[in-house]
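Coordinates as given in input-v4.pdb (PDB, C-alpha atoms and all ligand atoms):
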```pdb
MODEL        1
ATOM      1  CA  MET A1314       0.000   0.000   0.000  1.00  0.00           C
ATOM      2  CA  GLU A1315       1.238   3.477  -0.934  1.00  0.00           C
ATOM      3  CA  LYS A1316       1.355   5.936   1.933  1.00  0.00           C
ATOM      4  CA  PRO A1317      -1.398   8.584   1.779  1.00  0.00           C
ATOM      5  CA  ILE A1318      -0.273  12.077   0.753  1.00  0.00           C
ATOM      6  CA  ARG A1319      -0.878  15.063   3.001  1.00  0.00           C
ATOM      7  CA  CYS A1320      -2.300  17.728   0.695  1.00  0.00           C
ATOM      8  CA  PRO A1321       0.224  20.612   0.655  1.00  0.00           C
ATOM      9  CA  SER A1322      -2.601  23.115   0.456  1.00  0.00           C
ATOM     10  CA  CYS A1323      -5.453  22.072   2.783  1.00  0.00           C
ATOM     11  CA  ARG A1324      -3.356  19.532   4.802  1.00  0.00           C
ATOM     12  CA  ASN A1325      -5.971  16.764   4.569  1.00  0.00           C
ATOM     13  CA  LEU A1326      -4.675  13.215   4.125  1.00  0.00           C
ATOM     14  CA  VAL A1327      -5.419  12.025   0.601  1.00  0.00           C
ATOM     15  CA  PRO A1328      -5.395   8.253  -0.053  1.00  0.00           C
ATOM     16  CA  SER A1329      -3.121   7.076  -2.866  1.00  0.00           C
ATOM     17  CA  GLY A1330      -4.615   6.995  -6.345  1.00  0.00           C
ATOM     18  CA  TYR A1331      -5.757  10.626  -6.473  1.00  0.00           C
ATOM     19  CA  PHE A1332      -4.049  13.066  -8.841  1.00  0.00           C
ATOM     20  CA  MET A1333      -6.001  15.971  -7.389  1.00  0.00           C
ATOM     21  CA  CYS A1334      -6.903  16.629  -3.758  1.00  0.00           C
ATOM     22  CA  PRO A1335     -10.565  15.605  -3.352  1.00  0.00           C
ATOM     23  CA  TYR A1336     -10.988  18.247  -0.632  1.00  0.00           C
ATOM     24  CA  CYS A1337      -9.597  21.367  -2.302  1.00  0.00           C
ATOM     25  CA  GLY A1338      -8.637  20.424  -5.850  1.00  0.00           C
ATOM     26  CA  THR A1339      -4.872  21.000  -5.481  1.00  0.00           C
ATOM     27  CA  ASP A1340      -2.783  19.314  -8.187  1.00  0.00           C
ATOM     28  CA  LEU A1341      -0.828  16.475  -6.531  1.00  0.00           C
ATOM     29  CA  ARG A1342       0.986  15.223  -9.646  1.00  0.00           C
ATOM     30  CA  LEU A1343       4.368  16.797  -8.824  1.00  0.00           C
ATOM     31  CA  ILE A1344       4.423  15.152  -5.392  1.00  0.00           C
ATOM     32  CA  ILE A1345       3.389  11.812  -6.861  1.00  0.00           C
ATOM     33  CA  ARG A1346       6.043  12.122  -9.573  1.00  0.00           C
ATOM     34  CA  LEU A1347       8.771  12.913  -7.022  1.00  0.00           C
ATOM     35  CA  ARG A1348       7.677   9.982  -4.864  1.00  0.00           C
ATOM     36  CA  MET A1349       7.856   7.588  -7.792  1.00  0.00           C
ATOM     37  CA  ARG A1350      11.564   8.284  -8.170  1.00  0.00           C
ATOM     38  CA  LEU A1351      13.694   6.143  -5.913  1.00  0.00           C
ATOM     39  CA  ARG A1352      15.775   9.145  -5.012  1.00  0.00           C
ATOM     40  CA  LEU A1353      15.945  12.791  -5.944  1.00  0.00           C
ATOM     41  CA  LYS A1354      18.640  13.814  -8.388  1.00  0.00           C
ATOM     42  CA  MET A1355      21.311  16.389  -7.545  1.00  0.00           C
ATOM     43  CA  LYS A1356      19.536  18.757  -9.938  1.00  0.00           C
ATOM     44  CA  ASP A1357      16.348  18.541  -7.800  1.00  0.00           C
ATOM     45  CA  ILE A1358      18.325  19.217  -4.609  1.00  0.00           C
ATOM     46  CA  ILE A1359      20.073  22.314  -6.016  1.00  0.00           C
ATOM     47  CA  LYS A1360      16.728  23.572  -7.338  1.00  0.00           C
ATOM     48  CA  ARG A1361      15.227  23.155  -3.852  1.00  0.00           C
ATOM     49  CA  MET A1362      18.036  25.138  -2.208  1.00  0.00           C
ATOM     50  CA  ARG A1363      17.497  27.991  -4.682  1.00  0.00           C
ATOM     51  CA  ASP A1364      13.693  27.901  -4.697  1.00  0.00           C
ATOM     52  CA  VAL A1365      13.438  27.887  -0.909  1.00  0.00           C
ATOM     53  CA  VAL A1366      14.625  31.508  -1.168  1.00  0.00           C
ATOM     54  CA  MET A1367      12.757  32.453  -4.365  1.00  0.00           C
ATOM     55  CA  LYS A1368       9.364  30.829  -3.688  1.00  0.00           C
ATOM     56  CA  PRO A1369       9.394  29.562  -0.087  1.00  0.00           C
ATOM     57  CA  LYS A1370       5.769  28.419   0.296  1.00  0.00           C
ATOM     58  CA  SER A1371       5.458  26.029  -2.647  1.00  0.00           C
ATOM     59  CA  THR A1372       9.042  24.791  -2.215  1.00  0.00           C
ATOM     60  CA  MET A1373       8.581  23.987   1.463  1.00  0.00           C
ATOM     61  CA  GLN A1374       5.309  22.211   0.630  1.00  0.00           C
ATOM     62  CA  GLU A1375       7.218  20.072  -1.864  1.00  0.00           C
ATOM     63  CA  ILE A1376      10.146  19.463   0.523  1.00  0.00           C
ATOM     64  CA  VAL A1377       8.008  18.166   3.385  1.00  0.00           C
ATOM     65  CA  ALA A1378       5.908  16.114   0.953  1.00  0.00           C
ATOM     66  CA  VAL A1379       9.050  14.394  -0.359  1.00  0.00           C
ATOM     67  CA  PRO A1380      11.779  15.048   2.255  1.00  0.00           C
ATOM     68  CA  ASP A1381      15.470  14.374   1.590  1.00  0.00           C
ATOM     69  CA  TYR A1382      18.658  14.326   3.660  1.00  0.00           C
ATOM     70  CA  LEU A1383      21.119  15.230   0.900  1.00  0.00           C
ATOM     71  CA  GLY A1384      20.079  18.889   0.594  1.00  0.00           C
ATOM     72  CA  PRO A1385      20.362  19.653   4.340  1.00  0.00           C
ATOM     73  CA  SER A1386      23.689  17.753   4.445  1.00  0.00           C
ATOM     74  CA  LEU A1387      25.081  19.990   1.684  1.00  0.00           C
ATOM     75  CA  ILE A1388      23.724  23.084   3.433  1.00  0.00           C
ATOM     76  CA  THR A1389      25.380  22.154   6.758  1.00  0.00           C
ATOM     77  CA  LEU A1390      28.609  21.404   4.829  1.00  0.00           C
ATOM     78  CA  VAL A1391      28.655  24.906   3.325  1.00  0.00           C
ATOM     79  CA  LEU A1392      27.811  26.383   6.750  1.00  0.00           C
ATOM     80  CA  ALA A1393      30.741  24.470   8.284  1.00  0.00           C
ATOM     81  CA  LEU A1394      33.027  25.750   5.499  1.00  0.00           C
ATOM     82  CA  PHE A1395      32.092  29.390   6.202  1.00  0.00           C
ATOM     83  CA  LEU A1396      32.482  28.916   9.975  1.00  0.00           C
ATOM     84  CA  SER A1397      35.951  27.428   9.398  1.00  0.00           C
ATOM     85  CA  MET A1398      36.906  30.370   7.160  1.00  0.00           C
ATOM     86  CA  ARG A1399      35.744  32.696   9.892  1.00  0.00           C
ATOM     87  CA  TYR A1400      38.001  30.887  12.375  1.00  0.00           C
ATOM     88  CA  VAL A1401      40.995  31.185  10.015  1.00  0.00           C
ATOM     89  CA  ILE A1402      40.395  34.927   9.491  1.00  0.00           C
ATOM     90  CA  ILE A1403      40.149  35.631  13.225  1.00  0.00           C
ATOM     91  CA  SER A1404      43.247  33.510  13.966  1.00  0.00           C
ATOM     92  CA  SER A1405      45.327  35.192  11.266  1.00  0.00           C
ATOM     93  CA  SER A1406      44.418  38.592  12.708  1.00  0.00           C
ATOM     94  CA  LEU A1407      45.949  37.352  15.966  1.00  0.00           C
ATOM     95  CA  GLY A1408      49.123  36.437  14.067  1.00  0.00           C
ATOM     96  CA  LEU A1409      48.280  32.741  13.894  1.00  0.00           C
ATOM     97  CA  ILE A1410      48.607  31.390  10.357  1.00  0.00           C
ATOM     98  CA  ILE A1411      46.688  28.143   9.836  1.00  0.00           C
ATOM     99  CA  GLY A1412      48.069  25.717   7.254  1.00  0.00           C
ATOM    100  CA  LEU A1413      46.087  23.503   4.911  1.00  0.00           C
ATOM    101  CA  TYR A1414      46.050  20.357   7.063  1.00  0.00           C
ATOM    102  CA  PRO A1415      44.999  22.060  10.305  1.00  0.00           C
ATOM    103  CA  PHE A1416      42.332  23.842   8.238  1.00  0.00           C
ATOM    104  CA  LEU A1417      41.012  20.512   6.953  1.00  0.00           C
ATOM    105  CA  VAL A1418      40.881  19.200  10.525  1.00  0.00           C
ATOM    106  CA  ILE A1419      38.946  22.317  11.626  1.00  0.00           C
ATOM    107  CA  LEU A1420      36.629  21.914   8.632  1.00  0.00           C
ATOM    108  CA  PHE A1421      36.042  18.237   9.406  1.00  0.00           C
ATOM    109  CA  LEU A1422      35.221  19.031  13.053  1.00  0.00           C
ATOM    110  CA  ASN A1423      32.874  21.839  12.019  1.00  0.00           C
ATOM    111  CA  VAL A1424      31.061  19.536   9.562  1.00  0.00           C
ATOM    112  CA  LEU A1425      30.687  16.947  12.302  1.00  0.00           C
ATOM    113  CA  ILE A1426      29.400  19.524  14.797  1.00  0.00           C
ATOM    114  CA  ALA A1427      27.039  21.235  12.311  1.00  0.00           C
ATOM    115  CA  MET A1428      25.476  17.933  11.234  1.00  0.00           C
ATOM    116  CA  SER A1429      25.101  16.704  14.829  1.00  0.00           C
ATOM    117  CA  ILE A1430      23.442  19.974  15.849  1.00  0.00           C
ATOM    118  CA  TRP A1431      21.039  19.728  12.889  1.00  0.00           C
ATOM    119  CA  PHE A1432      20.126  16.160  13.920  1.00  0.00           C
ATOM    120  CA  ILE A1433      19.788  16.983  17.626  1.00  0.00           C
ATOM    121  CA  ILE A1434      17.554  20.016  16.995  1.00  0.00           C
ATOM    122  CA  SER A1435      15.418  18.010  14.535  1.00  0.00           C
ATOM    123  CA  ALA A1436      15.032  15.226  17.108  1.00  0.00           C
ATOM    124  CA  ILE A1437      14.039  17.670  19.881  1.00  0.00           C
ATOM    125  CA  ILE A1438      11.495  19.538  17.720  1.00  0.00           C
ATOM    126  CA  ASN A1439      10.074  16.291  16.320  1.00  0.00           C
ATOM    127  CA  TRP A1440       9.691  14.917  19.850  1.00  0.00           C
ATOM    128  CA  ILE A1441       7.952  18.093  21.081  1.00  0.00           C
ATOM    129  CA  PHE A1442       5.567  17.975  18.090  1.00  0.00           C
ATOM    130  CA  ARG A1443       4.728  14.345  18.865  1.00  0.00           C
ATOM    131  CA  LEU A1444       3.926  15.374  22.458  1.00  0.00           C
ATOM    132  CA  PHE A1445       1.398  17.855  21.074  1.00  0.00           C
ATOM    133  CA  GLY A1446      -0.069  15.159  18.821  1.00  0.00           C
ATOM    134  CA  GLY A1447       1.801  16.063  15.631  1.00  0.00           C
ATOM    135  CA  THR A1448       1.694  13.462  12.850  1.00  0.00           C
ATOM    136  CA  GLN A1449       4.857  14.492  10.989  1.00  0.00           C
ATOM    137  CA  THR A1450       7.792  12.080  10.575  1.00  0.00           C
ATOM    138  CA  PHE A1451      11.422  12.668  11.600  1.00  0.00           C
ATOM    139  CA  ASP A1452      12.620  12.983   7.994  1.00  0.00           C
ATOM    140  CA  GLN A1453      10.039  15.718   7.397  1.00  0.00           C
ATOM    141  CA  THR A1454      11.162  17.665  10.471  1.00  0.00           C
ATOM    142  CA  ALA A1455      14.851  17.221   9.601  1.00  0.00           C
ATOM    143  CA  ALA A1456      14.288  18.406   6.011  1.00  0.00           C
ATOM    144  CA  ALA A1457      12.202  21.362   7.247  1.00  0.00           C
ATOM    145  CA  ILE A1458      14.930  22.525   9.647  1.00  0.00           C
ATOM    146  CA  GLY A1459      17.796  21.700   7.244  1.00  0.00           C
ATOM    147  CA  TYR A1460      16.433  23.667   4.296  1.00  0.00           C
ATOM    148  CA  SER A1461      15.480  26.548   6.602  1.00  0.00           C
ATOM    149  CA  LEU A1462      19.195  27.055   7.284  1.00  0.00           C
ATOM    150  CA  VAL A1463      19.781  28.519   3.793  1.00  0.00           C
ATOM    151  CA  PRO A1464      19.298  32.209   4.840  1.00  0.00           C
ATOM    152  CA  ILE A1465      21.551  31.690   7.894  1.00  0.00           C
ATOM    153  CA  VAL A1466      24.286  30.305   5.636  1.00  0.00           C
ATOM    154  CA  PHE A1467      24.013  33.529   3.578  1.00  0.00           C
ATOM    155  CA  GLY A1468      24.171  35.591   6.758  1.00  0.00           C
ATOM    156  CA  VAL A1469      27.260  33.780   8.060  1.00  0.00           C
ATOM    157  CA  PHE A1470      28.912  34.266   4.648  1.00  0.00           C
ATOM    158  CA  LEU A1471      28.202  38.021   4.650  1.00  0.00           C
ATOM    159  CA  GLY A1472      29.347  38.283   8.279  1.00  0.00           C
ATOM    160  CA  THR A1473      32.576  36.475   7.392  1.00  0.00           C
ATOM    161  CA  LEU A1474      33.183  38.976   4.559  1.00  0.00           C
ATOM    162  CA  THR A1475      33.022  41.885   7.022  1.00  0.00           C
ATOM    163  CA  LEU A1476      35.675  40.130   9.147  1.00  0.00           C
ATOM    164  CA  ILE A1477      38.186  40.107   6.253  1.00  0.00           C
ATOM    165  CA  GLY A1478      38.715  43.862   6.320  1.00  0.00           C
ATOM    166  CA  ASN A1479      38.325  44.239  10.055  1.00  0.00           C
ATOM    167  CA  PRO A1480      38.721  41.066  12.148  1.00  0.00           C
ATOM    168  CA  MET A1481      37.531  42.821  15.300  1.00  0.00           C
ATOM    169  CA  SER A1482      34.102  43.569  13.811  1.00  0.00           C
ATOM    170  CA  GLY A1483      32.532  40.502  15.428  1.00  0.00           C
ATOM    171  CA  GLY A1484      29.592  42.624  16.619  1.00  0.00           C
ATOM    172  CA  ILE A1485      28.800  43.711  13.065  1.00  0.00           C
ATOM    173  CA  ALA A1486      28.968  40.088  11.871  1.00  0.00           C
ATOM    174  CA  ILE A1487      26.373  39.102  14.482  1.00  0.00           C
ATOM    175  CA  ALA A1488      24.143  42.127  13.710  1.00  0.00           C
ATOM    176  CA  ILE A1489      24.172  41.167  10.016  1.00  0.00           C
ATOM    177  CA  LEU A1490      23.063  37.669  10.992  1.00  0.00           C
ATOM    178  CA  ILE A1491      19.879  38.753  12.834  1.00  0.00           C
ATOM    179  CA  PRO A1492      17.566  39.388   9.808  1.00  0.00           C
ATOM    180  CA  PHE A1493      18.769  36.125   8.250  1.00  0.00           C
ATOM    181  CA  VAL A1494      17.916  34.214  11.430  1.00  0.00           C
ATOM    182  CA  ILE A1495      14.393  35.721  11.369  1.00  0.00           C
ATOM    183  CA  TRP A1496      14.112  34.713   7.707  1.00  0.00           C
ATOM    184  CA  SER A1497      15.129  31.148   8.645  1.00  0.00           C
ATOM    185  CA  VAL A1498      12.560  31.040  11.459  1.00  0.00           C
ATOM    186  CA  ILE A1499       9.828  32.075   8.986  1.00  0.00           C
ATOM    187  CA  LEU A1500      10.895  29.374   6.499  1.00  0.00           C
ATOM    188  CA  CYS A1501      10.968  26.771   9.254  1.00  0.00           C
ATOM    189  CA  SER A1502       7.487  27.794  10.466  1.00  0.00           C
ATOM    190  CA  ILE A1503       6.081  27.395   6.935  1.00  0.00           C
ATOM    191  CA  ALA A1504       7.747  24.003   6.516  1.00  0.00           C
ATOM    192  CA  LEU A1505       6.611  22.632   9.892  1.00  0.00           C
ATOM    193  CA  TYR A1506       3.086  23.897   9.229  1.00  0.00           C
ATOM    194  CA  TYR A1507       2.826  21.883   6.023  1.00  0.00           C
ATOM    195  CA  ALA A1508       4.599  18.860   7.527  1.00  0.00           C
ATOM    196  CA  SER A1509       2.247  18.519  10.483  1.00  0.00           C
ATOM    197  CA  ASN A1510      -1.371  18.926  11.496  1.00  0.00           C
ATOM    198  CA  LEU A1511      -0.611  21.386  14.284  1.00  0.00           C
ATOM    199  CA  PRO A1512      -1.753  25.032  14.369  1.00  0.00           C
ATOM    200  CA  LEU A1513       0.519  27.701  12.901  1.00  0.00           C
ATOM    201  CA  ILE A1514       1.330  29.250  16.297  1.00  0.00           C
ATOM    202  CA  THR A1515       2.785  25.927  17.532  1.00  0.00           C
ATOM    203  CA  CYS A1516       4.916  25.738  14.370  1.00  0.00           C
ATOM    204  CA  VAL A1517       6.163  29.319  14.840  1.00  0.00           C
ATOM    205  CA  LEU A1518       7.020  28.700  18.519  1.00  0.00           C
ATOM    206  CA  ALA A1519       8.789  25.432  17.645  1.00  0.00           C
ATOM    207  CA  SER A1520      10.799  27.215  14.927  1.00  0.00           C
ATOM    208  CA  ILE A1521      11.821  29.970  17.323  1.00  0.00           C
ATOM    209  CA  LEU A1522      12.867  27.308  19.835  1.00  0.00           C
ATOM    210  CA  ALA A1523      14.858  25.435  17.163  1.00  0.00           C
ATOM    211  CA  PHE A1524      16.872  28.520  16.228  1.00  0.00           C
ATOM    212  CA  LEU A1525      17.324  29.543  19.882  1.00  0.00           C
ATOM    213  CA  ILE A1526      18.949  26.149  20.480  1.00  0.00           C
ATOM    214  CA  LEU A1527      21.086  26.747  17.376  1.00  0.00           C
ATOM    215  CA  ALA A1528      22.107  30.189  18.666  1.00  0.00           C
ATOM    216  CA  PHE A1529      22.988  28.621  22.006  1.00  0.00           C
ATOM    217  CA  PHE A1530      25.282  26.035  20.370  1.00  0.00           C
ATOM    218  CA  PHE A1531      26.833  28.756  18.223  1.00  0.00           C
ATOM    219  CA  PHE A1532      27.450  30.925  21.284  1.00  0.00           C
ATOM    220  CA  VAL A1533      29.030  28.039  23.232  1.00  0.00           C
ATOM    221  CA  MET A1534      31.298  27.163  20.283  1.00  0.00           C
ATOM    222  CA  SER A1535      32.580  30.690  19.593  1.00  0.00           C
TER     223      SER A1535
HETATM  224 ZN    ZN B   1      -6.343  19.758  -0.366  1.00  0.00          ZN
ENDMDL
END
```
Could you rewrite the structure in this file as structure tokens?
Ligand SMILES: [Zn+2]
Amino acid sequence: MEKPIRCPSCRNLVPSGYFMCPYCGTDLRLIIRLRMRLRLKMKDIIKRMRDVVMKPKSTMQEIVAVPDYLGPSLITLVLALFLSMRYVIISSSLGLIIGLYPFLVILFLNVLIAMSIWFIISAIINWIFRLFGGTQTFDQTAAAIGYSLVPIVFGVFLGTLTLIGNPMSGGIAIAILIPFVIWSVILCSIALYYASNLPLITCVLASILAFLILAFFFFVMS
């Protein structure tokens, strides 16, 4: 038996075999087509990362309908790369030149930490949602949180750029990050809303909590 599809528009569960939602008439063919593929292609993943910025609502609907781990893994990898660059820039301003191999070690550690944090936060949020009676699955929650990190990755990149000219401008780097964090919280709220059956306010609060935990980890690490 095929799993029923949660309509991305009205959020009703639609049994398999329907090409249109019987409740609201939404076209379900894209979701069905994506599900038929054994796995998403790299092209689909890159398109998701771009579209989550360009057209967040429909993209998040698609992501939670057919969640993947590859996209969020790539996003955390890029985030880890920028955080490592940031470390190198700050160290070099203190007269500490970091060679290639130590840099690769730092990068590896950052990738490990970033991916663990993504998993831990996804597990916590998924668990809280289950407590409130949420019907979403872990892979939906993990994809929702993972793809929501895209604006933060931008923000960290821009913040890192400001450090190049002036390594002591850590305050500016954090100030730049704030609007991007809010953007990420909004994306995450949209994604969790379409992944679950819970009211929007619960999704917004859960998203805020998710990124507060992220900020906490970030603060402890730096
Ligand atoms: Zn519907």
Check your understanding: Nearest to Gly1483 (chain A) among A:Lys1360, A:Cys1501, A:Asn1423, A:Leu1471, with distances taken over all atoms listed in the file: which residue is it?
Key ->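 Checking each candidate against Gly1483 (chain A), we get A:Leu1471 as the closest.
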Given only C-alpha atoms and all ligand atoms, how would the per-residue table for chain A near ligand ZN 1 (chain B) read, listing every residue at most 7 Å away with its closest atom pair and distance in Å to one decimal, sorted by chain and number, as JSON lines?
```
{"residue": "A:Cys1320", "atom": "CA", "partner": "B:ZN1", "partner_atom": "ZN", "distance": 4.6}
{"residue": "A:Pro1321", "atom": "CA", "partner": "B:ZN1", "partner_atom": "ZN", "distance": 6.7}
{"residue": "A:Ser1322", "atom": "CA", "partner": "B:ZN1", "partner_atom": "ZN", "distance": 5.1}
{"residue": "A:Cys1323", "atom": "CA", "partner": "B:ZN1", "partner_atom": "ZN", "distance": 4.0}
{"residue": "A:Arg1324", "atom": "CA", "partner": "B:ZN1", "partner_atom": "ZN", "distance": 6.0}
{"residue": "A:Asn1325", "atom": "CA", "partner": "B:ZN1", "partner_atom": "ZN", "distance": 5.8}
{"residue": "A:Cys1334", "atom": "CA", "partner": "B:ZN1", "partner_atom": "ZN", "distance": 4.6}
{"residue": "A:Pro1335", "atom": "CA", "partner": "B:ZN1", "partner_atom": "ZN", "distance": 6.6}
{"residue": "A:Tyr1336", "atom": "CA", "partner": "B:ZN1", "partner_atom": "ZN", "distance": 4.9}
{"residue": "A:Cys1337", "atom": "CA", "partner": "B:ZN1", "partner_atom": "ZN", "distance": 4.1}
{"residue": "A:Gly1338", "atom": "CA", "partner": "B:ZN1", "partner_atom": "ZN", "distance": 6.0}
{"residue": "A:Thr1339", "atom": "CA", "partner": "B:ZN1", "partner_atom": "ZN", "distance": 5.5}
```
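Take the candidates A:Leu1407, A:Ile1426, A:Ile1514, A:Val1498 and check each one against Leu1462 (chain A) using all atoms listed in the file; the shortest distance goes to A:Val1498.
CA of Leu1420 (chain A) to CA of Thr1389 (chain A) spans 11.4 Å [interatomic distance, one decimal].
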Practice item. Measuring atom to atom with all atoms listed in the file, identify which of A:Leu1505, A:Leu1326, A:Ile1489, A:Val1466 is nearest to Pro1380 (chain A). Key: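 Of A:Leu1505, A:Leu1326, A:Ile1489, A:Val1466, the one nearest Pro1380 (chain A) is A:Leu1505, counting all atoms listed in the file.
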Review point. Given the file above and the PyMOL selection byres (((chain A and resi 1399-1403) around 9) and not hetatm), which residues are selected, and can you give them as a PyMOL selection string?
Key: chain A and resi 1394-1398+1404-1407+1409-1411+1416+1419+1469-1470+1472-1474+1476-1477+1480-1481
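Between CA of Ile1441 (chain A) and CA of Pro1317 (chain A) the separation is 23.5 Å.
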Exercise for review: Run through the PyMOL selection byres (((chain A and resi 1328) around 8) and not hetatm) on the given coordinates and return the selected residues as an MDAnalysis selection string.
Suggested key: chainID A and resid 1316:1318 1326:1327 1329:1331
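For Leu1353 (chain A), the residues within 10 Å (counting all atoms listed in the file, excluding itself and residues fewer than 4 positions away along the chain) are Leu1347, Arg1348, Met1349, Asp1357, Ile1358, Val1379, Pro1380, Asp1381, Leu1383 and Gly1384 of chain A.
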Near region 1445-1459 of chain A, 7 Å: region 1344-1434 of chain A residue rows, closest pairs, only C-alpha atoms, as JSON lines:
```
{"residue": "A:Ile1376", "atom": "CA", "partner": "A:Ala1456", "partner_atom": "CA", "distance": 7.0}
{"residue": "A:Val1377", "atom": "CA", "partner": "A:Gln1453", "partner_atom": "CA", "distance": 5.1}
{"residue": "A:Pro1380", "atom": "CA", "partner": "A:Gln1453", "partner_atom": "CA", "distance": 5.5}
{"residue": "A:Asp1381", "atom": "CA", "partner": "A:Ala1456", "partner_atom": "CA", "distance": 6.1}
{"residue": "A:Tyr1382", "atom": "CA", "partner": "A:Ala1456", "partner_atom": "CA", "distance": 6.4}
{"residue": "A:Pro1385", "atom": "CA", "partner": "A:Gly1459", "partner_atom": "CA", "distance": 4.4}
{"residue": "A:Trp1431", "atom": "CA", "partner": "A:Gly1459", "partner_atom": "CA", "distance": 6.8}
{"residue": "A:Phe1432", "atom": "CA", "partner": "A:Ala1455", "partner_atom": "CA", "distance": 6.9}
```
Exercise for review: Could you list the residues chosen by the PyMOL selection byres (((chain A and resi 1518-1534) around 6) and not hetatm) in this structure as a list of chain:residue names?
Suggested key: A:Val1498, A:Cys1501, A:Ser1502, A:Thr1515, A:Cys1516, A:Val1517, A:Ser1535
